[in-house]
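First comes the structure, then the notes that go with it.
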Amino acid sequence: MSGPRAGWLYENKVNGAAAEQLLVLSENDWNDTMRDSIVVPVMRLTGVAPNALRISVDETPGLYAQCTLVQSIAHDGIGAPLRVCPEEAWIRTRLGVRRFLDIDRRRTSAAKPSPSPERTEWWPRQDDVHIATLPGIPQQKVVSAISDDDWNSTASVRHCAAARLTSRGPKANRVRWEVPVSGGFVVAGDLSALPYAAINRQAPAAKKYPQRFSADESSRIALRQQTALSLK
């Protein structure tokens with residue numbers, strides 16, 4: 001059975017969500033195999049201009065793809081197909097997500113630039129591993145921040161992109177996107193827009209998990225994300 005199609009805009013059926021539409025980013029092999037798809041929420045905004053991470057979807061005034069909110073959404077939250085995303089917006093959105101997830105630096109294991117943090121309060125560092133409460137999941141899960149530290153340390157920012165760790169695996173249906181890490185696996189398309197308030201800073205992850213991903217682990221995850229999220 002076919003899932004949603006990469007590069008298409010869909011109605012958003014998630015209860016209480018601010019986004020009007022969802023742009024499906026994940027490749028069709030993922031969409032047809034998994035029970036969710038990776039999407040970029042498309043929101044109606046006023047008083048803002050497009051930028052590298054906020055992409056004007058088409059000629060509709062004020063309709064923007066929010067690359068900083070890229071996340072996995074269960075298929076029952078993805079509504080009726082609306083239209084194919086215009087080519088320029090599709091290209092710019094993938095470039096924005098690629099930039100937000102720091103794909104190019106992570107995949108080459110290049111040294112991280114030192115951020116110029118604006119925040120005076122705590123913020124999650126890229127590749128650090130934490131316990132967190134994910135939306136719609138009652139049990140706390142193990143996650144790692146993957147968005148870059150320039151974003152994570154910005155004073156006004158209240159969420160980061162996070163990858164979820166699991167000790168279960170490998171599984172035949174997801175082996176194409178699994179990355180072995182210390183203590184378990186990361187499935188490349190299992191992404192959350194994680195609020196900082198959902199991170200449990202007092203509870204360390206179980207000892208079988210690392211305190212942070214190594215540069216090699218982060219690189220391998222980035223390479224699999226590049227495929228799963230149609231970022232080639």
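Each chain in the structure tokens gets a letter, A, B, ..., in the order shown, and its residues are numbered from 1; ligands are numbered from 1 in order too.
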
- Task: Identify, on the basis of only C-alpha atoms, every residue whose closest approach to stretch 126-140 of chain A does not exceed 6 Å; exclude the query and any residue fewer than 6 positions from it along the same chain; express the result as a PyMOL selection string.
- Result: chain A and resi 146+148-149+198-200+205+211-213

- Task: Name the residues of stretch 15-149 of chain A that come out as alpha helix (DSSP H) in a backbone DSSP run; write them as a ChimeraX atom specification.
- Result: /A:28-33,87-100,103-108,149

Using only C-alpha atoms, which residues sit within 12 Å of A:Pro115 once same-chain residues fewer than 4 positions away are excluded, as a PDB file with N, CA, C and O atoms, in the first residue's frame?
ATOM      1  N   ARG A 119      21.879  32.758  24.607  1.00  0.00           N
ATOM      2  CA  ARG A 119      21.101  32.301  25.758  1.00  0.00           C
ATOM      3  C   ARG A 119      21.931  32.374  27.037  1.00  0.00           C
ATOM      4  O   ARG A 119      23.097  31.987  27.066  1.00  0.00           O
ATOM      5  N   ARG A 125      23.124  20.834  23.674  1.00  0.00           N
ATOM      6  CA  ARG A 125      24.210  20.888  22.695  1.00  0.00           C
ATOM      7  C   ARG A 125      24.011  19.801  21.632  1.00  0.00           C
ATOM      8  O   ARG A 125      23.534  18.713  21.928  1.00  0.00           O
ATOM      9  N   GLN A 126      24.396  20.144  20.411  1.00  0.00           N
ATOM     10  CA  GLN A 126      24.294  19.172  19.328  1.00  0.00           C
ATOM     11  C   GLN A 126      25.026  17.884  19.696  1.00  0.00           C
ATOM     12  O   GLN A 126      26.155  17.925  20.197  1.00  0.00           O
ATOM     13  N   ASP A 148      21.984  22.426  14.710  1.00  0.00           N
ATOM     14  CA  ASP A 148      23.303  22.961  15.058  1.00  0.00           C
ATOM     15  C   ASP A 148      23.230  23.922  16.247  1.00  0.00           C
ATOM     16  O   ASP A 148      22.175  24.433  16.604  1.00  0.00           O
ATOM     17  N   ASP A 149      24.378  24.146  16.853  1.00  0.00           N
ATOM     18  CA  ASP A 149      24.427  24.904  18.103  1.00  0.00           C
ATOM     19  C   ASP A 149      24.124  26.382  17.914  1.00  0.00           C
ATOM     20  O   ASP A 149      23.702  27.056  18.859  1.00  0.00           O
ATOM     21  N   ASP A 150      24.324  26.918  16.712  1.00  0.00           N
ATOM     22  CA  ASP A 150      23.924  28.307  16.477  1.00  0.00           C
ATOM     23  C   ASP A 150      22.420  28.460  16.672  1.00  0.00           C
ATOM     24  O   ASP A 150      21.956  29.455  17.234  1.00  0.00           O
ATOM     25  N   TRP A 151      21.653  27.475  16.192  1.00  0.00           N
ATOM     26  CA  TRP A 151      20.209  27.501  16.412  1.00  0.00           C
ATOM     27  C   TRP A 151      19.883  27.222  17.874  1.00  0.00           C
ATOM     28  O   TRP A 151      19.141  27.953  18.525  1.00  0.00           O
ATOM     29  N   ASN A 152      20.443  26.149  18.410  1.00  0.00           N
ATOM     30  CA  ASN A 152      20.085  25.701  19.759  1.00  0.00           C
ATOM     31  C   ASN A 152      20.362  26.764  20.823  1.00  0.00           C
ATOM     32  O   ASN A 152      19.678  26.810  21.849  1.00  0.00           O
ATOM     33  N   SER A 153      21.364  27.593  20.585  1.00  0.00           N
ATOM     34  CA  SER A 153      21.773  28.577  21.586  1.00  0.00           C
ATOM     35  C   SER A 153      21.126  29.944  21.410  1.00  0.00           C
ATOM     36  O   SER A 153      21.386  30.859  22.195  1.00  0.00           O
ATOM     37  N   THR A 154      20.267  30.092  20.393  1.00  0.00           N
ATOM     38  CA  THR A 154      19.626  31.385  20.154  1.00  0.00           C
ATOM     39  C   THR A 154      18.642  31.701  21.281  1.00  0.00           C
ATOM     40  O   THR A 154      17.870  30.842  21.706  1.00  0.00           O
TER      41      THR A 154
END

- Item | Contacts of A:Arg5 within 8 Å, only C-alpha atoms, excl. fewer than 3 positions in-chain, as number ranges by chain | A: 8, 24, 27-28, 31

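If you measure from each of A:Leu69, A:Val14, A:Ile78, A:Ile221 to A:Val179 using only C-alpha atoms, the closest one turns out to be A:Ile221.
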
- In stretch 4-219 of chain A, what's strand (DSSP E or B) per DSSP? Answer as a VMD selection string? chain A and resid 8 to 12 21 to 24 36 to 44 54 to 56 63 to 66 71 to 74 78 to 84 128 to 132 141 to 145 159 to 166 178 to 181 184 to 195 199 to 200 212

- Close residues, A:Gly77 itself excluded, 12 Å, only C-alpha atoms, min 2 positions apart in chain, as an MDAnalysis selection string: chainID A and resid 4 10:17 19:22 35:39 41 72:75 79:80 136

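For the choices A:Asn51, A:Thr227, A:Ser219, A:Asn173, the atom-to-atom distance to A:Arg92 is smallest for A:Asn51 when using only C-alpha atoms.
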
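Across the model, the gap from atom CA of A:Asp102 to atom CA of A:Ser147 is 6.3 Å.
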
What are the closest atom pairs, with distances in Å to one decimal, for each residue of stretch 50-71 of chain A lying within 10 Å of stretch 84-90 of chain A, using only C-alpha atoms, rows by chain and rising residue number, as a Markdown table?
| residue | atom | partner | partner_atom | distance |
| --- | --- | --- | --- | --- |
| A:Ile55 | CA | A:Ala89 | CA | 6.6 |
| A:Ser56 | CA | A:Ala89 | CA | 6.6 |
| A:Val57 | CA | A:Ala89 | CA | 5.3 |
| A:Asp58 | CA | A:Pro86 | CA | 6.6 |
| A:Glu59 | CA | A:Pro86 | CA | 9.7 |
| A:Tyr64 | CA | A:Ala89 | CA | 9.4 |
| A:Ala65 | CA | A:Ala89 | CA | 8.5 |

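The smallest atom-to-atom distance between A:Val40 and any of A:Ser156, A:Ser214, A:Gln66, A:Ser26, using only C-alpha atoms, is found for A:Gln66.
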
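Compared by their closest atoms to A:Gln71, and using only C-alpha atoms, the residues A:Arg106, A:Lys112, A:His159, A:Arg83 rank with A:His159 nearest.
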
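The interatomic distance for the pair atom CA of A:Arg44 and atom CA of A:Thr68 works out to 15.0 Å.
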
Excluding A:Gln225 and any residue of its chain fewer than 2 positions from it, enumerate the residues within 8 Å of it, using only C-alpha atoms, and give them as a PDB file with N, CA and C atoms, in the first residue's frame.
ATOM      1  N   ILE A 103      23.533  18.875   7.998  1.00  0.00           N
ATOM      2  CA  ILE A 103      23.877  17.630   7.309  1.00  0.00           C
ATOM      3  C   ILE A 103      25.286  17.674   6.746  1.00  0.00           C
ATOM      4  N   TRP A 177      17.532   2.366   6.931  1.00  0.00           N
ATOM      5  CA  TRP A 177      17.656   3.672   7.574  1.00  0.00           C
ATOM      6  C   TRP A 177      18.204   3.582   8.997  1.00  0.00           C
ATOM      7  N   ALA A 188      16.978   6.827  10.943  1.00  0.00           N
ATOM      8  CA  ALA A 188      17.309   8.147  10.406  1.00  0.00           C
ATOM      9  C   ALA A 188      16.115   9.078  10.270  1.00  0.00           C
ATOM     10  N   GLY A 189      14.942   8.536   9.999  1.00  0.00           N
ATOM     11  CA  GLY A 189      13.783   9.393   9.806  1.00  0.00           C
ATOM     12  C   GLY A 189      12.931   9.576  11.038  1.00  0.00           C
ATOM     13  N   ILE A 221      24.731   8.976  10.899  1.00  0.00           N
ATOM     14  CA  ILE A 221      23.313   9.352  10.992  1.00  0.00           C
ATOM     15  C   ILE A 221      22.976  10.392   9.934  1.00  0.00           C
ATOM     16  N   ALA A 222      23.842  11.379   9.758  1.00  0.00           N
ATOM     17  CA  ALA A 222      23.601  12.429   8.764  1.00  0.00           C
ATOM     18  C   ALA A 222      23.508  11.848   7.357  1.00  0.00           C
ATOM     19  N   LEU A 223      24.367  10.871   7.047  1.00  0.00           N
ATOM     20  CA  LEU A 223      24.335  10.252   5.721  1.00  0.00           C
ATOM     21  C   LEU A 223      23.015   9.532   5.478  1.00  0.00           C
ATOM     22  N   THR A 227      19.534  10.523   2.850  1.00  0.00           N
ATOM     23  CA  THR A 227      18.740   9.645   1.970  1.00  0.00           C
ATOM     24  C   THR A 227      17.282   9.647   2.363  1.00  0.00           C
ATOM     25  N   ALA A 228      16.996   9.409   3.654  1.00  0.00           N
ATOM     26  CA  ALA A 228      15.609   9.253   4.100  1.00  0.00           C
ATOM     27  C   ALA A 228      14.788  10.505   3.866  1.00  0.00           C
ATOM     28  N   LEU A 229      15.426  11.677   3.959  1.00  0.00           N
ATOM     29  CA  LEU A 229      14.701  12.947   3.859  1.00  0.00           C
ATOM     30  C   LEU A 229      14.807  13.589   2.475  1.00  0.00           C
ATOM     31  N   LEU A 231      17.250  14.555   0.704  1.00  0.00           N
ATOM     32  CA  LEU A 231      18.108  15.736   0.725  1.00  0.00           C
ATOM     33  C   LEU A 231      19.292  15.631  -0.239  1.00  0.00           C
TER      34      LEU A 231
END
